[in-house]
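The file protein.tsv contains TSV, C-alpha atoms and all ligand atoms:
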chain	number	residue	atom	x	y	z
Y	17	MET	CA	98.80	21.35	80.82
Y	18	TYR	CA	98.21	18.35	83.02
Y	19	SER	CA	100.41	15.98	84.96
Y	20	PHE	CA	100.05	13.72	87.96
Y	21	ARG	CA	102.72	12.33	90.21
Y	22	ILE	CA	102.70	10.21	93.33
Y	23	ILE	CA	104.59	11.78	96.23
Y	24	GLY	CA	103.92	9.27	98.99
Y	25	GLU	CA	102.47	5.82	99.64
Y	26	GLU	CA	101.08	4.16	102.75
Y	27	GLN	CA	102.61	0.81	103.66
Y	28	GLY	CA	100.15	-2.05	104.05
Y	29	CYS	CA	97.39	-0.64	101.85
Y	30	SER	CA	97.10	1.08	98.49
Y	31	ALA	CA	96.58	4.66	99.73
Y	32	ARG	CA	98.77	7.22	98.02
Y	33	LEU	CA	99.49	10.91	98.23
Y	34	GLY	CA	99.72	12.68	94.90
Y	35	GLU	CA	99.86	15.96	93.12
Y	36	ILE	CA	97.89	17.00	90.02
Y	37	HIS	CA	99.28	19.88	88.02
Y	38	THR	CA	96.80	21.81	85.89
Y	39	SER	CA	97.32	25.27	84.45
Y	40	PRO	CA	95.26	27.13	87.06
Y	41	GLU	CA	96.32	25.12	90.07
Y	42	ALA	CA	98.30	22.30	91.66
Y	43	VAL	CA	95.95	19.99	93.57
Y	44	LEU	CA	97.08	17.58	96.27
Y	45	THR	CA	95.36	14.19	96.28
Y	46	PRO	CA	93.40	12.39	97.66
Y	47	ALA	CA	91.05	15.28	96.84
Y	48	PHE	CA	87.33	15.91	96.90
Y	49	MET	CA	85.55	17.97	94.24
Y	50	PRO	CA	82.42	19.93	95.17
Y	51	VAL	CA	79.73	19.41	92.54
Y	52	ALA	CA	78.86	22.41	90.36
Y	53	THR	CA	76.76	20.55	87.77
Y	54	GLN	CA	75.24	23.68	86.24
Y	55	GLY	CA	78.23	25.93	86.90
Y	56	ALA	CA	77.22	26.70	90.48
Y	57	CYS	CA	77.80	24.78	93.67
Y	58	LYS	CA	74.46	24.83	95.50
Y	59	ALA	CA	74.16	27.36	98.33
Y	60	ILE	CA	77.83	28.38	98.43
Y	61	SER	CA	79.93	30.89	96.50
Y	62	PRO	CA	83.18	30.14	94.66
Y	63	LEU	CA	84.87	32.51	97.13
Y	64	ASP	CA	83.74	30.38	100.07
Y	65	LEU	CA	84.79	27.17	98.29
Y	66	ARG	CA	88.21	28.72	97.88
Y	67	ARG	CA	88.31	29.76	101.56
Y	68	LEU	CA	87.43	26.19	102.55
Y	69	GLY	CA	90.51	25.03	100.64
Y	70	PHE	CA	88.91	23.41	97.60
Y	71	LYS	CA	91.02	23.69	94.47
Y	72	VAL	CA	89.00	21.76	91.92
Y	73	LEU	CA	85.32	21.33	91.19
Y	74	ILE	CA	83.30	19.30	88.72
Y	75	ALA	CA	80.77	20.58	86.19
Y	76	ASN	CA	78.66	18.76	83.64
Y	77	ALA	CA	78.77	18.90	79.83
Y	78	TYR	CA	75.17	17.76	79.32
Y	79	HIS	CA	73.63	20.37	81.61
Y	80	LEU	CA	75.76	23.29	80.41
Y	81	TYR	CA	75.31	22.35	76.74
Y	82	LEU	CA	71.51	22.48	77.16
Y	83	ARG	CA	71.54	25.56	79.39
Y	84	PRO	CA	72.84	28.23	78.95
Y	85	GLY	CA	74.56	26.71	75.86
Y	86	THR	CA	78.26	26.48	75.14
Y	87	ASP	CA	78.20	29.60	72.89
Y	88	VAL	CA	77.20	31.70	75.92
Y	89	ILE	CA	79.96	30.24	78.08
Y	90	SER	CA	82.57	30.48	75.28
Y	91	SER	CA	81.72	34.15	74.80
Y	92	HIS	CA	82.78	34.70	78.43
Y	93	GLY	CA	86.07	32.90	77.84
Y	94	GLY	CA	85.10	29.53	79.35
Y	95	LEU	CA	83.43	28.22	82.46
Y	96	ARG	CA	86.08	29.39	84.89
Y	97	ARG	CA	85.53	33.04	84.00
Y	98	TYR	CA	81.78	32.62	83.56
Y	99	MET	CA	81.33	31.36	87.13
Y	100	SER	CA	84.25	33.31	88.61
Y	101	TRP	CA	86.15	30.26	89.80
Y	102	ASP	CA	89.94	30.48	89.69
Y	103	GLY	CA	90.68	26.84	90.53
Y	104	ALA	CA	90.76	23.77	88.30
Y	105	VAL	CA	87.67	22.43	86.51
Y	106	VAL	CA	86.90	18.79	85.81
Y	107	THR	CA	83.96	18.06	83.52
Y	108	ASP	CA	81.81	15.01	83.21
Y	109	SER	CA	81.01	14.00	79.64
Y	110	GLY	CA	77.25	13.91	80.04
Y	111	GLY	CA	77.04	10.19	79.30
Y	112	TYR	CA	75.36	9.43	82.60
Y	113	GLN	CA	72.98	12.42	82.41
Y	114	VAL	CA	71.92	11.73	78.81
Y	115	LEU	CA	70.91	8.27	79.95
Y	116	SER	CA	69.41	9.15	83.32
Y	117	LEU	CA	67.68	12.52	82.62
Y	118	ALA	CA	67.03	12.95	78.91
Y	119	LYS	CA	63.79	11.77	77.33
Y	120	SER	CA	63.11	9.43	74.39
Y	121	ARG	CA	66.79	8.61	73.97
Y	122	LYS	CA	68.04	6.28	71.28
Y	123	ILE	CA	71.53	4.81	71.51
Y	124	THR	CA	73.48	3.86	68.38
Y	125	ASP	CA	77.13	3.11	67.77
Y	126	GLU	CA	77.57	6.77	66.82
Y	127	GLY	CA	76.03	8.35	69.92
Y	128	VAL	CA	72.74	9.14	71.62
Y	129	SER	CA	69.79	11.10	70.25
Y	130	PHE	CA	67.53	12.46	72.96
Y	131	ARG	CA	65.08	15.13	73.96
Y	132	SER	CA	66.09	17.76	76.51
Y	133	HIS	CA	64.68	17.20	80.01
Y	134	ILE	CA	64.23	21.01	80.19
Y	135	ASP	CA	62.20	21.88	77.08
Y	136	GLY	CA	61.83	18.68	75.04
Y	137	SER	CA	64.06	19.96	72.19
Y	138	GLU	CA	65.85	17.32	70.10
Y	139	HIS	CA	69.61	16.78	70.33
Y	140	PHE	CA	72.30	14.33	69.32
Y	141	PHE	CA	75.37	13.74	71.48
Y	142	SER	CA	78.27	11.87	69.93
Y	143	PRO	CA	81.64	11.27	71.59
Y	144	ALA	CA	83.00	14.13	69.43
Y	145	THR	CA	80.15	16.42	70.55
Y	146	SER	CA	80.88	15.70	74.20
Y	147	ILE	CA	84.58	16.48	73.76
Y	148	ALA	CA	83.82	19.69	71.81
Y	149	VAL	CA	81.45	20.80	74.60
Y	150	GLN	CA	84.01	20.06	77.30
Y	151	GLU	CA	86.73	21.86	75.33
Y	152	SER	CA	84.54	24.91	74.88
Y	153	LEU	CA	83.98	24.99	78.65
Y	154	GLY	CA	87.76	25.16	79.09
Y	155	SER	CA	87.87	21.96	81.12
Y	156	ASP	CA	91.21	20.98	82.68
Y	157	VAL	CA	90.24	17.32	82.90
Y	158	MET	CA	87.61	15.91	80.53
Y	159	MET	CA	85.81	12.59	80.67
Y	160	CYS	CA	85.20	10.24	77.77
Y	161	PHE	CA	81.57	9.89	76.70
Y	162	ASP	CA	80.43	6.60	78.24
Y	163	GLU	CA	77.35	4.49	78.67
Y	164	CYS	CA	76.45	3.78	82.27
Y	165	PRO	CA	73.95	0.91	82.46
Y	166	ALA	CA	71.45	0.56	85.32
Y	167	TYR	CA	72.87	-1.56	88.15
Y	168	ASP	CA	70.39	-4.39	87.58
Y	169	SER	CA	71.04	-4.62	83.82
Y	170	PRO	CA	71.50	-8.20	82.54
Y	171	TYR	CA	75.00	-9.39	81.67
Y	172	GLU	CA	74.40	-9.28	77.91
Y	173	TYR	CA	73.35	-5.64	78.08
Y	174	VAL	CA	76.36	-4.62	80.19
Y	175	GLU	CA	78.66	-6.53	77.83
Y	176	LYS	CA	77.38	-4.48	74.88
Y	177	SER	CA	77.64	-1.33	76.95
Y	178	VAL	CA	81.32	-2.01	77.68
Y	179	SER	CA	81.98	-2.47	73.94
Y	180	LEU	CA	80.21	0.79	73.22
Y	181	THR	CA	82.09	2.64	75.98
Y	182	THR	CA	85.41	1.39	74.55
Y	183	ARG	CA	84.36	2.39	71.02
Y	184	TRP	CA	83.31	5.83	72.21
Y	185	ALA	CA	86.53	6.23	74.21
Y	186	LYS	CA	88.52	5.77	70.97
Y	187	LEU	CA	86.36	8.36	69.22
Y	188	CYS	CA	86.79	10.79	72.12
Y	189	LYS	CA	90.54	10.42	71.92
Y	190	GLN	CA	90.46	11.09	68.16
Y	191	ALA	CA	88.19	14.11	68.63
Y	192	LYS	CA	90.31	15.77	71.30
Y	193	GLN	CA	92.31	18.73	70.05
Y	194	ASP	CA	95.98	19.26	70.83
Y	195	GLY	CA	96.45	21.55	73.78
Y	196	SER	CA	93.02	21.02	75.34
Y	197	GLY	CA	92.51	19.49	78.81
Y	198	ALA	CA	93.54	16.01	79.93
Y	199	LEU	CA	91.22	13.16	78.94
Y	200	PHE	CA	90.21	10.30	81.26
Y	201	GLY	CA	88.77	6.94	80.23
Y	202	ILE	CA	85.82	5.68	82.31
Y	203	VAL	CA	85.83	2.04	83.37
Y	204	GLN	CA	82.34	0.51	83.16
Y	205	GLY	CA	81.11	-3.08	83.40
Y	206	GLY	CA	78.51	-2.97	86.18
Y	207	VAL	CA	79.05	-5.53	88.93
Y	208	TYR	CA	80.54	-8.13	86.56
Y	209	GLU	CA	84.21	-8.73	87.32
Y	210	ASP	CA	85.11	-10.04	83.87
Y	211	LEU	CA	83.47	-7.06	82.15
Y	212	ARG	CA	85.16	-4.57	84.50
Y	213	THR	CA	88.48	-6.29	83.76
Y	214	ARG	CA	87.86	-6.10	80.02
Y	215	SER	CA	86.81	-2.46	80.20
Y	216	ALA	CA	89.86	-1.46	82.27
Y	217	LYS	CA	92.29	-3.33	79.99
Y	218	GLU	CA	90.84	-1.91	76.79
Y	219	LEU	CA	91.05	1.64	78.17
Y	220	VAL	CA	94.56	1.19	79.56
Y	221	ASP	CA	95.68	-0.03	76.11
Y	222	MET	CA	94.51	3.33	74.75
Y	223	ASP	CA	96.75	5.14	77.26
Y	224	PHE	CA	94.57	7.86	78.80
Y	225	ASP	CA	95.87	10.67	81.02
Y	226	GLY	CA	93.93	9.17	83.93
Y	227	TYR	CA	91.10	6.76	84.65
Y	228	SER	CA	87.68	7.03	86.21
Y	229	ILE	CA	85.72	4.27	87.82
Y	230	GLY	CA	82.12	4.87	86.77
Y	231	GLY	CA	78.78	3.13	87.11
Y	232	LEU	CA	79.00	2.54	90.87
Y	233	GLY	CA	76.80	3.80	93.70
Y	234	VAL	CA	73.79	3.36	91.41
Y	235	GLY	CA	71.94	0.86	93.61
Y	236	GLU	CA	74.25	-2.15	93.82
Y	237	ALA	CA	75.06	-3.75	97.21
Y	238	ARG	CA	77.73	-1.82	99.15
Y	239	GLU	CA	80.15	-4.74	99.35
Y	240	ALA	CA	79.94	-5.17	95.57
Y	241	THR	CA	80.88	-1.48	95.23
Y	242	TYR	CA	84.10	-1.97	97.19
Y	243	GLU	CA	84.97	-5.24	95.42
Y	244	ILE	CA	84.68	-3.52	92.06
Y	245	ILE	CA	86.70	-0.50	93.22
Y	246	GLU	CA	89.47	-2.79	94.44
Y	247	LEU	CA	89.43	-4.80	91.22
Y	248	CYS	CA	89.50	-1.71	88.99
Y	249	ALA	CA	92.16	0.13	90.99
Y	250	GLY	CA	94.38	-2.96	90.76
Y	251	LEU	CA	94.04	-3.04	86.96
Y	252	LEU	CA	94.83	0.63	86.38
Y	253	PRO	CA	98.42	1.85	86.00
Y	254	ARG	CA	99.98	2.92	89.29
Y	255	GLU	CA	101.29	6.23	87.95
Y	256	ARG	CA	97.93	7.49	86.61
Y	257	LEU	CA	95.26	9.26	88.63
Y	258	ARG	CA	92.19	7.22	89.65
Y	259	TYR	CA	88.89	9.02	90.03
Y	260	LEU	CA	85.88	7.33	91.65
Y	261	MET	CA	82.79	8.99	90.21
Y	262	GLY	CA	79.86	10.08	92.34
Y	263	ILE	CA	80.58	8.10	95.52
Y	264	GLY	CA	81.42	9.63	98.81
Y	265	THR	CA	80.19	9.37	102.35
Y	266	PRO	CA	83.19	10.03	104.61
Y	267	ALA	CA	83.48	6.25	105.24
Y	268	ASP	CA	83.27	5.52	101.49
Y	269	ILE	CA	86.07	7.99	100.87
Y	270	VAL	CA	88.52	6.56	103.39
Y	271	ARG	CA	87.78	3.00	102.27
Y	272	ALA	CA	88.30	3.92	98.61
Y	273	VAL	CA	91.50	5.84	99.41
Y	274	ALA	CA	92.79	2.66	101.08
Y	275	LEU	CA	92.09	0.85	97.80
Y	276	GLY	CA	94.13	3.41	95.83
Y	277	VAL	CA	91.59	6.02	94.71
Y	278	ASP	CA	92.87	9.61	94.34
Y	279	LEU	CA	89.88	11.77	93.42
Y	280	PHE	CA	86.22	11.99	94.44
Y	281	ASP	CA	83.05	13.93	93.78
Y	282	CYS	CA	79.69	13.48	95.43
Y	283	VAL	CA	76.53	15.47	96.09
Y	284	ILE	CA	76.22	14.03	99.61
Y	285	PRO	CA	77.80	16.88	101.64
Y	286	THR	CA	75.81	19.59	99.86
Y	287	ARG	CA	72.56	17.67	99.43
Y	288	ASN	CA	72.59	16.41	103.01
Y	289	ALA	CA	73.21	19.96	104.21
Y	290	ARG	CA	70.12	21.19	102.40
Y	291	ASN	CA	68.14	18.34	103.99
Y	292	GLY	CA	69.41	19.38	107.42
Y	293	THR	CA	71.75	16.39	107.89
Y	294	LEU	CA	75.18	17.45	109.10
Y	295	PHE	CA	78.44	15.54	109.45
Y	296	THR	CA	80.15	16.19	112.78
Y	297	SER	CA	83.07	14.76	114.74
Y	298	HIS	CA	80.43	13.10	116.99
Y	299	GLY	CA	78.44	11.54	114.15
Y	300	LYS	CA	75.50	12.75	112.11
Y	301	VAL	CA	73.20	15.51	113.36
Y	302	VAL	CA	69.66	15.80	111.98
Y	303	ILE	CA	69.04	19.45	112.78
Y	304	LYS	CA	65.23	19.38	112.69
Y	305	ASN	CA	65.20	17.01	115.68
Y	306	SER	CA	63.28	18.67	118.56
Y	307	ARG	CA	66.09	17.79	121.00
Y	308	TYR	CA	68.06	20.73	119.51
Y	309	ALA	CA	65.32	23.32	120.13
Y	310	TYR	CA	67.06	24.69	123.27
Y	311	ASP	CA	70.57	23.46	122.42
Y	312	ARG	CA	72.97	26.40	122.82
Y	313	SER	CA	76.06	24.42	121.82
Y	314	ALA	CA	77.81	24.62	118.45
Y	315	LEU	CA	76.90	22.14	115.77
Y	316	ASP	CA	80.33	20.56	116.20
Y	317	ASP	CA	82.59	21.69	119.03
Y	318	ASN	CA	85.61	20.35	117.11
Y	319	CYS	CA	84.86	22.37	113.99
Y	320	SER	CA	86.39	25.76	113.19
Y	321	CYS	CA	84.00	26.73	110.39
Y	322	TYR	CA	82.09	30.01	110.38
Y	323	THR	CA	78.81	28.23	111.16
Y	324	CYS	CA	80.15	26.40	114.20
Y	325	GLY	CA	82.01	29.47	115.41
Y	326	ASN	CA	78.95	31.74	115.42
Y	327	PHE	CA	75.64	29.89	115.72
Y	328	SER	CA	73.99	27.46	118.11
Y	329	ARG	CA	72.22	24.24	117.15
Y	330	SER	CA	69.01	25.89	118.37
Y	331	TYR	CA	69.42	28.79	115.93
Y	332	LEU	CA	70.36	26.52	113.01
Y	333	ARG	CA	67.30	24.39	113.75
Y	334	HIS	CA	65.08	27.45	113.98
Y	335	ILE	CA	66.13	28.97	110.64
Y	336	PHE	CA	65.95	25.55	108.95
Y	337	MET	CA	62.40	24.96	110.24
Y	338	ALA	CA	61.46	28.52	109.23
Y	339	GLY	CA	62.68	27.85	105.67
Y	340	GLU	CA	65.33	30.57	105.74
Y	341	ILE	CA	67.76	30.37	102.80
Y	342	LEU	CA	70.58	31.25	105.21
Y	343	SER	CA	70.17	27.85	106.88
Y	344	LEU	CA	71.05	26.10	103.59
Y	345	GLN	CA	74.11	28.32	103.21
Y	346	LEU	CA	75.36	27.86	106.79
Y	347	MET	CA	74.84	24.12	106.76
Y	348	THR	CA	76.41	23.67	103.29
Y	349	LEU	CA	79.40	25.66	104.51
Y	350	HIS	CA	79.77	23.37	107.51
Y	351	ASN	CA	79.43	20.09	105.60
Y	352	LEU	CA	81.94	21.17	102.96
Y	353	TYR	CA	84.32	22.37	105.68
Y	354	TYR	CA	84.00	18.88	107.20
Y	355	TYR	CA	84.90	17.29	103.85
Y	356	SER	CA	87.79	19.67	103.24
Y	357	LYS	CA	89.20	18.87	106.68
Y	358	LEU	CA	88.63	15.13	106.14
Y	359	MET	CA	90.65	15.20	102.90
Y	360	ARG	CA	93.42	17.23	104.52
Y	361	GLU	CA	93.59	14.76	107.43
Y	362	ILE	CA	93.67	11.82	105.01
Y	363	ARG	CA	96.60	13.41	103.15
Y	364	GLU	CA	98.46	14.27	106.35
Y	365	SER	CA	98.00	10.75	107.70
Y	366	ILE	CA	99.35	9.19	104.48
Y	367	GLU	CA	102.31	11.55	104.71
Y	368	LYS	CA	102.97	10.46	108.30
Y	369	GLY	CA	102.31	6.78	107.58
Y	370	THR	CA	99.35	6.70	109.99
Y	371	PHE	CA	96.52	6.49	107.44
Y	372	ARG	CA	95.44	2.98	108.40
Y	373	GLN	CA	94.81	3.97	112.03
Y	374	PHE	CA	93.00	7.11	110.90
Y	375	CYS	CA	90.90	5.07	108.51
Y	376	SER	CA	89.76	2.41	111.00
Y	377	GLY	CA	88.85	5.06	113.61
Y	378	LEU	CA	86.69	6.97	111.16
Y	379	ILE	CA	84.92	3.95	109.67
Y	380	ASP	CA	84.12	2.58	113.15
Y	381	ALA	CA	82.71	5.96	114.22
Y	382	GLU	CA	80.51	6.26	111.15
Y	383	GLU	CA	79.18	2.71	111.17
Y	384	GLU	CA	78.25	2.69	114.86
Y	401	ZN	ZN	81.35	23.58	111.34

Let me see the file written as structure tokens.
Ligand SMILES: [Zn+2]
Amino acid sequence: MYSFRIIGEEQGCSARLGEIHTSPEAVLTPAFMPVATQGACKAISPLDLRRLGFKVLIANAYHLYLRPGTDVISSHGGLRRYMSWDGAVVTDSGGYQVLSLAKSRKITDEGVSFRSHIDGSEHFFSPATSIAVQESLGSDVMMCFDECPAYDSPYEYVEKSVSLTTRWAKLCKQAKQDGSGALFGIVQGGVYEDLRTRSAKELVDMDFDGYSIGGLGVGEAREATYEIIELCAGLLPRERLRYLMGIGTPADIVRAVALGVDLFDCVIPTRNARNGTLFTSHGKVVIKNSRYAYDRSALDDNCSCYTCGNFSRSYLRHIFMAGEILSLQLMTLHNLYYYSKLMREIRESIEKGTFRQFCSGLIDAEEE
């Protein structure tokens, strides 16, 4: 079961408030998905994700197919039960990971043969394989198997890659079984406007449940990223969900919401937390900085998370410098709380019609 409906729109920009219905959960959008690539969000439990208000997370077909293997996860009744997560699950097809992580890969019209980045074993991923893996995980929203070219690929290469992504999208649609999760097409085309346009139109003609904008945030100039997001969002049907893959500083998120994006995932909040970089209402804090050695104040005096309510900057710095695992947990909790609150504030401001003011305030603060 899957449906998406728009329940509010901001005047003067393309931001919209929406609601995804999946069998485990209704999810209000714009929404952010914590990344649980291997079936675990790093340094935080599913219970804490739930307490922070997250209702959907994203896992990865390539990683889970290689390890522990889909037979293991199926025997537990799917990923949700395996990892004890009661919310919705979105899965990425593995297209990006096959191309970025796997070794000695060979791409044909039928799929990709590759060696595992874990043990060198040989595998072949076709669009049908990717869908079967995602179905066995019990995904609520699956992605088509796509080819994501490097950002500096020449036009001719990206043109072929768009053709292949369209071909594979058709095969994914054919492979999908009745009653399994929703299936999204992924718009590719690098930084080339005509190829993005072609990719979006070909996918829209196939009528997917929703659409993802892929292949961005891979090294291209920031302004090109936003131009492509705007172009793609404008080409996709208004009534279908739009998911921007892998991009998401707070400023990126508000800018993309203004362009009509509904769903996000990004490793930034969790990865930055583990590097000791925290998002706060006063800007970024790099906790290892010696200026915090005697700082008795909370990480963010405007934050109501467990970390900010109980520990000083001095203590967080100390346990980070001492390599205590607790520091990764406390800082991950804070950064994800910050993202959860950000998404809630975005939704509330769209509801009140004040999103554009909210947006400009936040972007100015971050870019100072
Ligand atoms: Zn906090």

Which residues of chain Y sit at most 6 Å from ligand ZN 401 (chain Y), using only C-alpha atoms and all ligand atoms? Give each one's shortest atom pair and distance in Å (one decimal place), in chain and ascending residue order, as CSV.
residue,atom,partner,partner_atom,distance
Y:Asp316,CA,Y:ZN401,ZN,5.8
Y:Cys319,CA,Y:ZN401,ZN,4.6
Y:Ser320,CA,Y:ZN401,ZN,5.8
Y:Cys321,CA,Y:ZN401,ZN,4.2
Y:Thr323,CA,Y:ZN401,ZN,5.3
Y:Cys324,CA,Y:ZN401,ZN,4.2
Y:His350,CA,Y:ZN401,ZN,4.1

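Distances to Leu344 (chain Y) were evaluated for Y:Met261, Y:Met359, Y:Cys29, Y:Ile60 using all atoms listed in the file, and the minimum falls at Y:Ile60.
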
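By all atoms listed in the file, and with residues fewer than 3 positions from region 39-52 of chain Y along its chain excluded, the set lying at most 7 Å from it is Met17, Leu33, Gly34, Glu35, Ile36, Gly55, Ala56, Cys57, Lys71, Val72, Leu73, Ile74, Ala75, Asp102, Gly103, Ala104, Asp278, Leu279, Phe280, Asp281, Cys282, Val283, Met359 and Arg363 of chain Y.
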
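When CA of Gly201 (chain Y) is paired with CA of Met159 (chain Y), their separation reads 6.4 Å.
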
I'd like a table as CSV: residues in region 162-220 of chain Y with an atom no more than 8 Å from region 135-155 of chain Y, each row giving the shortest atom pair and its distance in Å to one decimal, all atoms listed in the file counted, sorted by chain and rising residue number.
residue,atom,partner,partner_atom,distance
Y:Trp184,CA,Y:Pro143,CA,5.7
Y:Ala185,CA,Y:Pro143,CA,7.5
Y:Leu187,CA,Y:Pro143,CA,6.0
Y:Cys188,CA,Y:Pro143,CA,5.2
Y:Ala191,CA,Y:Ala144,CA,5.3
Y:Lys192,CA,Y:Ile147,CA,6.3
Y:Ser196,CA,Y:Glu151,CA,6.3
Y:Gly197,CA,Y:Ser155,CA,5.7

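Using only C-alpha atoms, the nearest neighbour of Ser19 (chain Y) within the list Y:Arg287, Y:Arg67, Y:Arg121, Y:Arg256 is Y:Arg256.
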
Final all heavy atoms of region 160-167 of chain Y as a compact mmCIF listing (two decimals), in the coordinates of the input:
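As written to disk, out30.txt reads:
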# COMPACT_ATOMS: atom_id res chain seq x y z
N CYS Y 160 85.71 10.86 78.99
CA CYS Y 160 85.20 10.24 77.77
C CYS Y 160 83.69 10.07 77.88
O CYS Y 160 83.15 9.89 78.98
CB CYS Y 160 85.82 8.86 77.57
SG CYS Y 160 87.49 8.93 76.94
N PHE Y 161 83.01 10.13 76.76
CA PHE Y 161 81.57 9.89 76.70
C PHE Y 161 81.37 8.38 76.89
O PHE Y 161 81.93 7.57 76.16
CB PHE Y 161 81.05 10.35 75.34
CG PHE Y 161 79.56 10.44 75.26
CD1 PHE Y 161 78.85 11.26 76.12
CD2 PHE Y 161 78.87 9.71 74.30
CE1 PHE Y 161 77.47 11.37 76.03
CE2 PHE Y 161 77.48 9.82 74.20
CZ PHE Y 161 76.78 10.63 75.06
N ASP Y 162 80.57 8.02 77.89
CA ASP Y 162 80.43 6.60 78.24
C ASP Y 162 78.96 6.23 78.34
O ASP Y 162 78.09 7.09 78.37
CB ASP Y 162 81.11 6.32 79.58
CG ASP Y 162 80.49 7.12 80.73
OD1 ASP Y 162 79.99 8.23 80.49
OD2 ASP Y 162 80.50 6.63 81.87
N GLU Y 163 78.71 4.94 78.38
CA GLU Y 163 77.35 4.49 78.67
C GLU Y 163 77.35 3.80 80.01
O GLU Y 163 78.09 2.85 80.25
CB GLU Y 163 76.85 3.52 77.60
CG GLU Y 163 75.32 3.55 77.54
CD GLU Y 163 74.65 2.19 77.53
OE1 GLU Y 163 75.29 1.19 77.18
OE2 GLU Y 163 73.47 2.14 77.89
N CYS Y 164 76.51 4.32 80.91
CA CYS Y 164 76.45 3.78 82.27
C CYS Y 164 75.14 3.01 82.41
O CYS Y 164 74.08 3.60 82.55
CB CYS Y 164 76.50 4.94 83.27
SG CYS Y 164 76.25 4.43 84.97
N PRO Y 165 75.20 1.67 82.37
CA PRO Y 165 73.95 0.91 82.46
C PRO Y 165 73.39 0.89 83.88
O PRO Y 165 74.13 1.09 84.84
CB PRO Y 165 74.37 -0.50 82.03
CG PRO Y 165 75.84 -0.58 82.24
CD PRO Y 165 76.38 0.82 82.24
N ALA Y 166 72.07 0.68 84.00
CA ALA Y 166 71.45 0.56 85.32
C ALA Y 166 72.08 -0.63 86.05
O ALA Y 166 72.52 -1.59 85.42
CB ALA Y 166 69.95 0.36 85.16
N TYR Y 167 72.12 -0.56 87.39
CA TYR Y 167 72.87 -1.56 88.15
C TYR Y 167 72.29 -2.97 88.01
O TYR Y 167 72.99 -3.95 88.15
CB TYR Y 167 72.94 -1.17 89.63
CG TYR Y 167 71.71 -1.52 90.44
CD1 TYR Y 167 71.64 -2.70 91.19
CD2 TYR Y 167 70.60 -0.68 90.44
CE1 TYR Y 167 70.52 -3.02 91.90
CE2 TYR Y 167 69.49 -1.00 91.16
CZ TYR Y 167 69.44 -2.18 91.89
OH TYR Y 167 68.31 -2.49 92.60
